[in-house]
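Structure file input.cif; described as mmCIF, C-alpha atoms.
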```
data_work
#
loop_
_atom_site.group_PDB
_atom_site.id
_atom_site.type_symbol
_atom_site.label_atom_id
_atom_site.label_comp_id
_atom_site.auth_asym_id
_atom_site.auth_seq_id
_atom_site.Cartn_x
_atom_site.Cartn_y
_atom_site.Cartn_z
ATOM 1 C CA MET A 190 31.950 -2.506 -5.177
ATOM 2 C CA ASN A 191 32.742 -2.283 -1.492
ATOM 3 C CA TRP A 192 31.515 -4.689 1.130
ATOM 4 C CA PRO A 193 29.351 -2.874 3.650
ATOM 5 C CA ASP A 194 30.423 -2.860 7.264
ATOM 6 C CA LEU A 195 27.675 -4.826 9.024
ATOM 7 C CA SER A 196 27.875 -2.638 12.110
ATOM 8 C CA MET A 197 27.107 0.333 9.806
ATOM 9 C CA GLY A 198 29.684 2.449 11.622
ATOM 10 C CA GLY A 199 27.779 2.070 14.886
ATOM 11 C CA TYR A 200 24.364 2.719 13.281
ATOM 12 C CA GLY A 201 23.641 -0.980 12.690
ATOM 13 C CA PHE A 202 20.653 -1.139 15.032
ATOM 14 C CA TYR A 203 18.958 1.775 13.273
ATOM 15 C CA VAL A 204 19.779 0.769 9.700
ATOM 16 C CA TRP A 205 18.948 -2.937 10.064
ATOM 17 C CA GLY A 206 16.038 -2.133 12.386
ATOM 18 C CA SER A 207 14.400 0.029 9.743
ATOM 19 C CA TYR A 208 14.952 -2.515 6.959
ATOM 20 C CA ILE A 209 13.688 -5.411 9.093
ATOM 21 C CA ALA A 210 10.620 -3.387 10.120
ATOM 22 C CA SER A 211 9.924 -2.606 6.447
ATOM 23 C CA LEU A 212 10.406 -6.247 5.482
ATOM 24 C CA ILE A 213 7.874 -7.290 8.133
ATOM 25 C CA PHE A 214 5.325 -4.921 6.581
ATOM 26 C CA PHE A 215 5.941 -6.199 3.041
ATOM 27 C CA VAL A 216 5.750 -9.840 4.148
ATOM 28 C CA TRP A 217 2.606 -9.123 6.188
ATOM 29 C CA GLU A 218 0.900 -7.565 3.167
ATOM 30 C CA VAL A 219 1.804 -10.402 0.789
ATOM 31 C CA VAL A 220 0.906 -13.154 3.297
ATOM 32 C CA SER A 221 -2.421 -11.564 4.249
ATOM 33 C CA LEU A 222 -3.287 -11.214 0.552
ATOM 34 C CA LYS A 223 -2.470 -14.879 -0.037
ATOM 35 C CA GLN A 224 -4.724 -15.847 2.872
ATOM 36 C CA ARG A 225 -7.507 -13.658 1.508
ATOM 37 C CA LYS A 226 -7.198 -15.363 -1.883
ATOM 38 C CA LYS A 227 -7.162 -18.803 -0.273
ATOM 39 C CA ALA A 228 -10.271 -18.070 1.800
ATOM 40 C CA LEU A 229 -12.060 -16.855 -1.324
ATOM 41 C CA LYS A 230 -11.156 -20.000 -3.266
ATOM 42 C CA GLN A 231 -12.475 -22.189 -0.445
ATOM 43 C CA GLN A 232 -15.709 -20.213 -0.358
ATOM 44 C CA GLN A 233 -16.084 -20.574 -4.105
ATOM 45 C CA GLN A 234 -15.568 -24.315 -3.952
ATOM 46 C CA GLN A 235 -18.159 -24.616 -1.209
ATOM 47 C CA SER A 236 -20.736 -22.579 -3.074
ATOM 48 C CA SER A 237 -20.154 -24.466 -6.332
ATOM 49 C CA LYS A 238 -20.818 -27.848 -4.686
ATOM 50 C CA PRO A 239 -24.150 -29.364 -5.724
ATOM 51 C CA VAL A 240 -26.832 -28.689 -3.180
ATOM 52 C CA SER A 241 -27.595 -31.891 -1.280
ATOM 53 C CA THR A 242 -31.213 -32.948 -1.134
ATOM 54 C CA PRO A 243 -32.736 -31.411 1.956
ATOM 55 C CA VAL A 244 -33.573 -33.862 4.718
ATOM 56 C CA LEU A 245 -37.178 -33.675 5.760
ATOM 57 C CA ARG A 246 -36.789 -32.534 9.272
ATOM 58 C CA GLY A 247 -38.628 -34.399 11.980
ATOM 59 C CA SER A 248 -40.010 -37.095 9.677
ATOM 60 C CA ILE A 249 -38.095 -39.948 11.330
ATOM 61 C CA ASN A 250 -38.361 -38.640 14.865
ATOM 62 C CA GLU A 251 -42.093 -38.227 14.672
ATOM 63 C CA THR A 252 -42.683 -41.789 13.608
ATOM 64 C CA THR A 253 -40.229 -43.347 16.076
ATOM 65 C CA SER A 254 -41.163 -41.374 19.153
ATOM 66 C CA MET B 145 -10.486 -3.144 -29.558
ATOM 67 C CA ASN B 146 -12.785 -1.435 -27.150
ATOM 68 C CA ILE B 147 -10.804 -0.607 -24.034
ATOM 69 C CA TYR B 148 -13.875 0.643 -22.172
ATOM 70 C CA LYS B 149 -15.069 -2.916 -21.751
ATOM 71 C CA TYR B 150 -12.327 -3.256 -19.115
ATOM 72 C CA ALA B 151 -14.220 -0.836 -16.883
ATOM 73 C CA SER B 152 -16.452 -3.782 -16.080
ATOM 74 C CA PRO B 153 -15.122 -5.769 -13.095
ATOM 75 C CA ALA B 154 -15.885 -9.093 -14.803
ATOM 76 C CA MET B 155 -13.837 -8.119 -17.863
ATOM 77 C CA PHE B 156 -11.023 -6.564 -15.875
ATOM 78 C CA TYR B 157 -10.574 -9.585 -13.599
ATOM 79 C CA PRO B 158 -8.735 -11.840 -16.119
ATOM 80 C CA LEU B 159 -6.749 -8.898 -17.527
ATOM 81 C CA ALA B 160 -5.510 -8.007 -14.019
ATOM 82 C CA GLY B 161 -4.499 -11.638 -13.521
ATOM 83 C CA LYS B 162 -2.364 -11.518 -16.669
ATOM 84 C CA LEU B 163 -0.773 -8.193 -15.713
ATOM 85 C CA ILE B 164 0.324 -9.146 -12.166
ATOM 86 C CA PRO B 165 3.520 -11.125 -13.045
ATOM 87 C CA TRP B 166 4.683 -8.277 -15.314
ATOM 88 C CA PHE B 167 4.843 -6.065 -12.243
ATOM 89 C CA ALA B 168 5.691 -8.537 -9.473
ATOM 90 C CA ILE B 169 8.817 -10.051 -11.076
ATOM 91 C CA PRO B 170 10.460 -6.737 -12.093
ATOM 92 C CA ALA B 171 9.598 -5.414 -8.607
ATOM 93 C CA ALA B 172 11.555 -8.241 -6.951
ATOM 94 C CA LEU B 173 14.505 -7.717 -9.325
ATOM 95 C CA LEU B 174 14.550 -3.971 -8.750
ATOM 96 C CA PHE B 175 14.353 -4.354 -4.956
ATOM 97 C CA ALA B 176 17.424 -6.603 -5.144
ATOM 98 C CA THR B 177 19.241 -4.172 -7.459
ATOM 99 C CA GLY B 178 18.306 -1.123 -5.403
ATOM 100 C CA LEU B 179 19.510 -2.699 -2.168
ATOM 101 C CA PHE B 180 22.713 -3.844 -3.850
ATOM 102 C CA VAL B 181 23.478 -0.338 -5.153
ATOM 103 C CA GLY B 182 22.417 1.181 -1.842
ATOM 104 C CA PHE B 183 24.577 -1.017 0.348
ATOM 105 C CA PHE B 184 27.484 -2.105 -1.871
ATOM 106 C CA ILE B 185 28.073 0.793 -4.247
ATOM 107 C CA ALA B 186 26.817 3.992 -2.623
ATOM 108 C CA PRO B 187 29.548 5.440 -0.389
ATOM 109 C CA THR B 188 29.211 6.330 3.282
ATOM 110 C CA ASP B 189 27.872 9.842 3.821
ATOM 111 C CA PHE B 190 30.462 12.172 5.322
ATOM 112 C CA GLN B 191 27.928 13.831 7.640
ATOM 113 C CA GLN B 192 25.494 11.091 8.590
ATOM 114 C CA GLY B 193 27.769 8.057 8.255
ATOM 115 C CA ASP B 194 25.954 4.853 7.306
ATOM 116 C CA ALA B 195 22.706 5.897 9.017
ATOM 117 C CA TYR B 196 21.746 7.705 5.822
ATOM 118 C CA ARG B 197 21.210 4.319 4.105
ATOM 119 C CA ILE B 198 17.778 4.276 5.740
ATOM 120 C CA ILE B 199 16.668 6.839 3.132
ATOM 121 C CA PHE B 200 16.702 4.159 0.413
ATOM 122 C CA ILE B 201 13.527 2.739 1.935
ATOM 123 C CA HIS B 202 12.300 5.788 3.871
ATOM 124 C CA VAL B 203 12.052 8.252 0.988
ATOM 125 C CA PRO B 204 10.405 5.905 -1.574
ATOM 126 C CA ALA B 205 7.938 4.751 1.125
ATOM 127 C CA ALA B 206 7.050 8.347 2.013
ATOM 128 C CA TRP B 207 6.561 9.271 -1.644
ATOM 129 C CA MET B 208 4.423 6.199 -2.253
ATOM 130 C CA GLY B 209 2.321 6.944 0.840
ATOM 131 C CA MET B 210 1.482 10.408 -0.495
ATOM 132 C CA PHE B 211 1.147 9.403 -4.119
ATOM 133 C CA LEU B 212 -1.107 6.415 -3.450
ATOM 134 C CA TYR B 213 -3.362 8.645 -1.354
ATOM 135 C CA VAL B 214 -3.857 11.064 -4.257
ATOM 136 C CA LEU B 215 -4.452 8.136 -6.587
ATOM 137 C CA MET B 216 -6.936 6.596 -4.136
ATOM 138 C CA ALA B 217 -8.827 9.895 -3.864
ATOM 139 C CA ILE B 218 -8.962 10.224 -7.675
ATOM 140 C CA TYR B 219 -10.289 6.677 -8.100
ATOM 141 C CA ALA B 220 -12.769 7.107 -5.245
ATOM 142 C CA GLY B 221 -13.910 10.422 -6.765
ATOM 143 C CA ILE B 222 -14.381 8.907 -10.230
ATOM 144 C CA GLY B 223 -16.226 5.969 -8.714
ATOM 145 C CA TRP B 224 -18.534 8.336 -6.867
ATOM 146 C CA ALA B 225 -19.112 10.849 -9.689
ATOM 147 C CA PHE B 226 -19.638 8.355 -12.520
ATOM 148 C CA ASN B 227 -20.961 5.458 -10.475
ATOM 149 C CA ALA B 228 -18.040 3.348 -11.719
ATOM 150 C CA ARG B 229 -17.823 0.280 -9.510
ATOM 151 C CA LEU B 230 -14.363 -0.821 -10.605
ATOM 152 C CA SER B 231 -12.928 2.600 -9.844
ATOM 153 C CA SER B 232 -14.274 2.491 -6.279
ATOM 154 C CA MET B 233 -12.918 -1.021 -5.826
ATOM 155 C CA MET B 234 -9.527 0.249 -7.001
ATOM 156 C CA ALA B 235 -9.651 2.959 -4.313
ATOM 157 C CA SER B 236 -10.367 0.353 -1.614
ATOM 158 C CA SER B 237 -7.518 -1.766 -2.904
ATOM 159 C CA LEU B 238 -5.052 1.149 -2.910
ATOM 160 C CA ALA B 239 -5.864 2.174 0.665
ATOM 161 C CA ILE B 240 -4.145 -0.738 2.422
ATOM 162 C CA THR B 241 -0.934 -0.504 0.391
ATOM 163 C CA GLY B 242 -0.865 3.272 0.882
ATOM 164 C CA ALA B 243 -1.335 2.869 4.617
ATOM 165 C CA MET B 244 1.447 0.304 4.688
ATOM 166 C CA PHE B 245 3.902 2.613 2.926
ATOM 167 C CA THR B 246 2.966 5.505 5.210
ATOM 168 C CA ALA B 247 3.566 3.302 8.261
ATOM 169 C CA ILE B 248 6.949 2.242 6.833
ATOM 170 C CA SER B 249 7.924 5.870 6.247
ATOM 171 C CA LEU B 250 7.005 6.798 9.840
ATOM 172 C CA ILE B 251 8.837 3.864 11.401
ATOM 173 C CA THR B 252 11.981 4.163 9.269
ATOM 174 C CA GLY B 253 11.869 7.920 9.891
ATOM 175 C CA ALA B 254 11.946 7.231 13.632
ATOM 176 C CA PHE B 255 14.898 4.862 13.145
ATOM 177 C CA TRP B 256 16.661 7.651 11.249
ATOM 178 C CA GLY B 257 15.693 10.395 13.666
ATOM 179 C CA LYS B 258 17.062 8.696 16.774
ATOM 180 C CA PRO B 259 20.760 8.638 15.723
ATOM 181 C CA THR B 260 20.726 11.866 13.695
ATOM 182 C CA TRP B 261 18.362 14.124 15.663
ATOM 183 C CA GLY B 262 18.605 12.337 18.996
ATOM 184 C CA THR B 263 14.885 11.601 19.191
ATOM 185 C CA TRP B 264 12.499 8.966 17.813
ATOM 186 C CA TRP B 265 9.679 11.403 17.326
ATOM 187 C CA VAL B 266 8.878 15.110 17.480
ATOM 188 C CA TRP B 267 5.565 16.814 16.770
ATOM 189 C CA ASP B 268 7.091 18.553 13.834
ATOM 190 C CA ALA B 269 5.012 19.708 10.834
ATOM 191 C CA ARG B 270 6.095 17.011 8.405
ATOM 192 C CA MET B 271 5.863 14.108 10.819
ATOM 193 C CA THR B 272 2.548 15.220 12.278
ATOM 194 C CA SER B 273 1.014 15.672 8.818
ATOM 195 C CA THR B 274 2.332 12.249 7.763
ATOM 196 C CA LEU B 275 0.785 10.729 10.885
ATOM 197 C CA ILE B 276 -2.501 12.401 9.892
ATOM 198 C CA LEU B 277 -2.114 10.775 6.464
ATOM 199 C CA LEU B 278 -1.885 7.376 8.158
ATOM 200 C CA PHE B 279 -5.013 8.184 10.203
ATOM 201 C CA LEU B 280 -6.834 9.218 7.024
ATOM 202 C CA TYR B 281 -5.980 5.876 5.431
ATOM 203 C CA ILE B 282 -7.081 4.004 8.560
ATOM 204 C CA GLY B 283 -10.253 6.118 8.675
ATOM 205 C CA PHE B 284 -11.011 5.297 5.030
ATOM 206 C CA ILE B 285 -10.438 1.559 5.559
ATOM 207 C CA SER B 286 -12.495 1.352 8.753
ATOM 208 C CA LEU B 287 -15.308 3.520 7.376
ATOM 209 C CA GLN B 288 -15.647 1.184 4.396
ATOM 210 C CA ALA B 289 -15.474 -1.867 6.639
ATOM 211 C CA ALA B 290 -18.207 -0.462 8.885
ATOM 212 C CA ILE B 291 -20.810 -0.079 6.110
ATOM 213 C CA ASP B 292 -22.360 -3.289 4.817
ATOM 214 C CA ASP B 293 -23.717 -1.986 1.534
ATOM 215 C CA ALA B 294 -20.670 -1.838 -0.768
ATOM 216 C CA ARG B 295 -21.868 1.091 -2.891
ATOM 217 C CA ARG B 296 -22.759 3.187 0.151
ATOM 218 C CA ALA B 297 -19.373 2.345 1.648
ATOM 219 C CA ASP B 298 -17.734 3.514 -1.596
ATOM 220 C CA ARG B 299 -19.551 6.847 -1.500
ATOM 221 C CA ALA B 300 -18.785 7.506 2.161
ATOM 222 C CA GLY B 301 -15.146 6.572 1.574
ATOM 223 C CA ALA B 302 -14.947 8.886 -1.439
ATOM 224 C CA VAL B 303 -16.049 11.887 0.634
ATOM 225 C CA LEU B 304 -13.406 11.139 3.265
ATOM 226 C CA ALA B 305 -10.688 10.494 0.671
ATOM 227 C CA LEU B 306 -11.425 13.716 -1.241
ATOM 228 C CA VAL B 307 -11.549 15.893 1.864
ATOM 229 C CA GLY B 308 -8.318 14.350 3.139
ATOM 230 C CA VAL B 309 -6.434 15.076 -0.072
ATOM 231 C CA ILE B 310 -5.757 18.598 1.247
ATOM 232 C CA ASN B 311 -3.276 16.984 3.631
ATOM 233 C CA VAL B 312 -0.939 15.839 0.834
ATOM 234 C CA PRO B 313 0.314 19.295 -0.263
ATOM 235 C CA ILE B 314 0.577 20.160 3.431
ATOM 236 C CA ILE B 315 2.981 17.238 3.919
ATOM 237 C CA TYR B 316 4.912 18.056 0.778
ATOM 238 C CA PHE B 317 5.411 21.762 1.470
ATOM 239 C CA SER B 318 5.586 21.471 5.267
ATOM 240 C CA VAL B 319 9.383 21.670 5.194
ATOM 241 C CA GLN B 320 9.160 25.017 3.391
ATOM 242 C CA TRP B 321 6.154 26.516 5.152
ATOM 243 C CA TRP B 322 7.187 25.781 8.703
ATOM 244 C CA ASN B 323 10.479 25.833 10.461
ATOM 245 C CA THR B 324 10.798 22.111 10.978
ATOM 246 C CA LEU B 325 13.372 19.609 12.095
ATOM 247 C CA HIS B 326 12.879 17.537 8.965
ATOM 248 C CA GLN B 327 15.303 18.397 6.203
ATOM 249 C CA GLY B 328 14.153 19.964 2.945
ATOM 250 C CA ALA B 329 13.932 18.208 -0.395
ATOM 251 C CA THR B 330 17.180 16.891 -1.828
ATOM 252 C CA ILE B 331 15.748 15.908 -5.179
ATOM 253 C CA ARG B 332 13.673 18.424 -7.109
ATOM 254 C CA LEU B 333 12.157 18.138 -10.518
ATOM 255 C CA LEU B 334 13.747 21.193 -12.077
ATOM 256 C CA GLN B 335 17.019 21.473 -10.205
ATOM 257 C CA LYS B 336 20.143 19.406 -10.021
ATOM 258 C CA PRO B 337 19.872 17.023 -7.050
ATOM 259 C CA THR B 338 22.256 17.683 -4.196
ATOM 260 C CA ILE B 339 23.131 14.014 -3.813
ATOM 261 C CA ARG B 340 25.819 11.733 -5.214
ATOM 262 C CA GLY B 341 24.997 9.738 -8.372
ATOM 263 C CA SER B 342 25.074 6.237 -6.864
ATOM 264 C CA MET B 343 22.969 7.360 -3.888
ATOM 265 C CA LEU B 344 20.418 8.896 -6.244
ATOM 266 C CA ALA B 345 20.468 5.756 -8.408
ATOM 267 C CA ALA B 346 19.751 3.512 -5.398
ATOM 268 C CA LEU B 347 16.926 5.815 -4.315
ATOM 269 C CA LEU B 348 15.303 5.895 -7.745
ATOM 270 C CA ILE B 349 15.653 2.122 -8.271
ATOM 271 C CA MET B 350 14.005 1.528 -4.881
ATOM 272 C CA LEU B 351 11.245 3.970 -5.843
ATOM 273 C CA ALA B 352 10.635 2.082 -9.099
ATOM 274 C CA ALA B 353 10.592 -1.200 -7.136
ATOM 275 C CA CYS B 354 8.028 0.184 -4.666
ATOM 276 C CA TRP B 355 5.945 1.377 -7.604
ATOM 277 C CA LEU B 356 5.917 -1.987 -9.351
ATOM 278 C CA TYR B 357 5.289 -3.769 -6.049
ATOM 279 C CA SER B 358 2.307 -1.478 -5.390
ATOM 280 C CA VAL B 359 0.782 -2.147 -8.802
ATOM 281 C CA ALA B 360 1.168 -5.914 -8.305
ATOM 282 C CA VAL B 361 -0.353 -6.101 -4.813
ATOM 283 C CA VAL B 362 -3.099 -3.596 -5.636
ATOM 284 C CA LEU B 363 -4.128 -5.703 -8.639
ATOM 285 C CA ILE B 364 -4.089 -8.915 -6.566
ATOM 286 C CA ARG B 365 -6.246 -7.236 -3.907
ATOM 287 C CA LEU B 366 -8.531 -5.772 -6.569
ATOM 288 C CA ARG B 367 -9.168 -9.267 -7.902
ATOM 289 C CA CYS B 368 -10.067 -10.412 -4.382
ATOM 290 C CA ILE B 369 -12.436 -7.454 -3.945
ATOM 291 C CA ILE B 370 -14.123 -8.173 -7.305
ATOM 292 C CA LEU B 371 -14.696 -11.805 -6.292
ATOM 293 C CA GLU B 372 -15.858 -10.921 -2.770
ATOM 294 C CA ARG B 373 -18.420 -8.442 -4.047
ATOM 295 C CA GLU B 374 -19.598 -10.806 -6.723
ATOM 296 C CA GLN B 375 -20.052 -13.563 -4.147
ATOM 297 C CA SER B 376 -21.956 -11.385 -1.716
ATOM 298 C CA ALA B 377 -24.124 -10.141 -4.601
ATOM 299 C CA SER B 378 -24.971 -13.696 -5.669
ATOM 300 C CA ARG B 379 -25.642 -14.641 -2.053
ATOM 301 C CA PHE B 380 -28.116 -11.781 -1.810
ATOM 302 C CA ALA B 381 -29.684 -12.924 -5.068
ATOM 303 C CA GLU B 382 -30.072 -16.478 -3.702
ATOM 304 C CA VAL B 383 -31.947 -15.416 -0.601
ATOM 305 C CA GLY B 384 -33.960 -12.946 -2.637
ATOM 306 C CA VAL B 385 -32.895 -9.720 -0.923
#
```
Could you take the file, read its structure, and then write that structure out as structure tokens?
Amino acid sequence: MNWPDLSMGGYGFYVWGSYIASLIFFVWEVVSLKQRKKALKQQQQQSSKPVSTPVLRGSINETTS
Amino acid sequence: MNIYKYASPAMFYPLAGKLIPWFAIPAALLFATGLFVGFFIAPTDFQQGDAYRIIFIHVPAAWMGMFLYVLMAIYAGIGWAFNARLSSMMASSLAITGAMFTAISLITGAFWGKPTWGTWWVWDARMTSTLILLFLYIGFISLQAAIDDARRADRAGAVLALVGVINVPIIYFSVQWWNTLHQGATIRLLQKPTIRGSMLAALLIMLAACWLYSVAVVLIRLRCIILEREQSASRFAEVGV
């Protein structure tokens, strides 16, 4: 095992740049998938809620006005 | 056991959920191992210095970009020909990961090209055809997003995916067919690779990691797509469309 030279023999910007760019892509994909899953779960919870009894629109207003 | 029952999205959904950790955990371990071998064990290249270490992500990403496209076209084609919903959903799920790997291969290729060729980009056969691959992926994704009816979107996507598959052999053989700046293949199936053992090991471990990663994320996305389509179908049913 040999410890890598962090400056990569003068190529540090290119080597680390490419790995950081790749990491950003991987993280973006995983995070966006997590958000997609989360949004779906929220939607499911909303749709599984019991439907509240519909309010008869205008019934109160008509009598009070 | 009847394996064909898993062709139904509802049956496949729980199976996919069980499979995901079996791919995600080994993927993380292999990424760590591949990077360790690539940076701590593989020696510095006598021609390219340490800049060559970019290939440990560049080459697997480029292979995955091409391979996932072929896989996407096959799934889209099966979905279209046999009216298999799950197969079409698989194609949609593969597209984003394939596009991501193609983008990584282009960007890391630019990072490699600047110090070794002296330029970020040239309109060379391999790079241009890889850029076209990225556009094909983007075209497939946006075409599907533009059509509301999921099954019609699947069919339109399948036509695009199948026509675009011609680009993959063009990318692969571009370095032989045209006089290009991009170097030829170092690793061939039937010949001894012209690369040192530890370098090859790092490359292959990273490839395996990218593979496992792809399976894991594609399955997670497939589960989302199954749920999304199911929800929109039940919503249509509720309003009586």
* To do: Select residues of chain A: the criterion is any atom within 7 Å of an atom of chain B, counting only C-alpha atoms; output as a PyMOL selection string.
  => chain A and resi 190-193+197-198+200+203-204+207+211+214+222+226
* Asked: What does the distance between CA of Gln234 in chain A and CA of Val359 in chain B come to in Å, to one decimal place?
  ->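 Interatomic distance, CA of Gln234 in chain A to CA of Val359 in chain B: 28.0 Å.
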* Asked: Between CA of Trp264 in chain B and CA of Gln191 in chain B, what is the spacing in Å?
  -> 19.1 Å
* **Nearest to Ile285 in chain B by atom-to-atom distance, counting only C-alpha atoms, from B:Leu325, B:Ile147, B:Met233, B:Ala206** => B:Met233
* To do: Find the distance between CA of Leu366 in chain B and CA of Leu280 in chain B and write it in Å to one decimal.
  =>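 Between CA of Leu366 in chain B and CA of Leu280 in chain B the gap works out to 20.3 Å.
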* Give me the residues within 7 Å of range 216-228 of chain B as a list in words, counting only C-alpha atoms and dropping any in the same chain fewer than 4 places off. => Leu212, Ser232, Met234, Ala235, Leu238, Ala239, Arg299, Ala302, Ala305, Leu306 and Val309 of chain B
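Across the chains present, the PyMOL selection byres ((chain B and resi 177) around 12) applied to this file returns B:Pro170, B:Ala171, B:Ala172, B:Leu173, B:Leu174, B:Phe175, B:Ala176, B:Gly178, B:Leu179, B:Phe180, B:Val181, B:Gly182, B:Phe183, B:Phe184, B:Ile185, B:Phe200, B:Ser342, B:Ala345, B:Ala346, B:Leu347, B:Leu348, B:Ile349, B:Met350, B:Leu351, B:Ala352, B:Ala353.
Shortest separation to Gly242 in chain B among B:Met155, B:Leu230, B:Trp355, B:Ile310 occurs at residue B:Trp355, atoms counted being all atoms listed in the file.
Candidate residues B:Ser378, B:Trp265, B:Ala360, B:Thr272 were compared for distance to Glu218 in chain A, and the nearest is B:Ala360, using only C-alpha atoms.
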* To do: Can you give me, as an NGL selection string, the residues this file yields under the PyMOL selection byres ((chain B and resi 278) around 9)?
  => :B and (209 or 242-244 or 246-247 or 273-277 or 279-283)
What would range 216-237 of chain B look like with N, CA and C atoms in place, written as a CSV table (one decimal), keeping the file's coordinate frame?
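Everything below was put into out-v6.csv:
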```csv
chain,number,residue,atom,x,y,z
B,216,MET,N,-5.7,7.2,-4.8
B,216,MET,CA,-6.9,6.6,-4.1
B,216,MET,C,-8.1,7.6,-4.2
B,217,ALA,N,-7.8,8.9,-3.9
B,217,ALA,CA,-8.8,9.9,-3.9
B,217,ALA,C,-9.4,10.1,-5.3
B,218,ILE,N,-8.5,10.1,-6.3
B,218,ILE,CA,-9.0,10.2,-7.7
B,218,ILE,C,-9.9,9.1,-8.1
B,219,TYR,N,-9.5,7.8,-7.8
B,219,TYR,CA,-10.3,6.7,-8.1
B,219,TYR,C,-11.6,6.7,-7.3
B,220,ALA,N,-11.5,7.1,-6.0
B,220,ALA,CA,-12.8,7.1,-5.2
B,220,ALA,C,-13.7,8.2,-5.8
B,221,GLY,N,-13.1,9.3,-6.2
B,221,GLY,CA,-13.9,10.4,-6.8
B,221,GLY,C,-14.6,10.0,-8.1
B,222,ILE,N,-13.8,9.4,-8.9
B,222,ILE,CA,-14.4,8.9,-10.2
B,222,ILE,C,-15.5,7.9,-10.0
B,223,GLY,N,-15.2,7.0,-9.0
B,223,GLY,CA,-16.2,6.0,-8.7
B,223,GLY,C,-17.5,6.6,-8.2
B,224,TRP,N,-17.4,7.7,-7.4
B,224,TRP,CA,-18.5,8.3,-6.9
B,224,TRP,C,-19.3,9.1,-7.9
B,225,ALA,N,-18.5,9.9,-8.7
B,225,ALA,CA,-19.1,10.8,-9.7
B,225,ALA,C,-19.8,10.1,-10.8
B,226,PHE,N,-19.1,9.0,-11.3
B,226,PHE,CA,-19.6,8.4,-12.5
B,226,PHE,C,-20.3,7.0,-12.2
B,227,ASN,N,-20.4,6.7,-10.9
B,227,ASN,CA,-21.0,5.5,-10.5
B,227,ASN,C,-20.2,4.3,-11.1
B,228,ALA,N,-18.9,4.4,-11.1
B,228,ALA,CA,-18.0,3.3,-11.7
B,228,ALA,C,-17.6,2.4,-10.6
B,229,ARG,N,-18.1,1.2,-10.6
B,229,ARG,CA,-17.8,0.3,-9.5
B,229,ARG,C,-16.3,-0.1,-9.4
B,230,LEU,N,-15.8,-0.4,-10.6
B,230,LEU,CA,-14.4,-0.8,-10.6
B,230,LEU,C,-13.4,0.2,-10.0
B,231,SER,N,-13.7,1.5,-10.3
B,231,SER,CA,-12.9,2.6,-9.8
B,231,SER,C,-13.0,2.7,-8.3
B,232,SER,N,-14.2,2.5,-7.7
B,232,SER,CA,-14.3,2.5,-6.3
B,232,SER,C,-13.5,1.3,-5.7
B,233,MET,N,-13.6,0.2,-6.3
B,233,MET,CA,-12.9,-1.0,-5.8
B,233,MET,C,-11.4,-0.8,-5.8
B,234,MET,N,-10.9,-0.1,-6.9
B,234,MET,CA,-9.5,0.2,-7.0
B,234,MET,C,-9.1,1.1,-5.8
B,235,ALA,N,-10.0,2.1,-5.4
B,235,ALA,CA,-9.7,3.0,-4.3
B,235,ALA,C,-9.5,2.1,-3.0
B,236,SER,N,-10.4,1.2,-2.8
B,236,SER,CA,-10.4,0.4,-1.6
B,236,SER,C,-9.1,-0.5,-1.6
B,237,SER,N,-8.7,-0.9,-2.8
B,237,SER,CA,-7.5,-1.8,-2.9
B,237,SER,C,-6.3,-1.0,-2.6
```
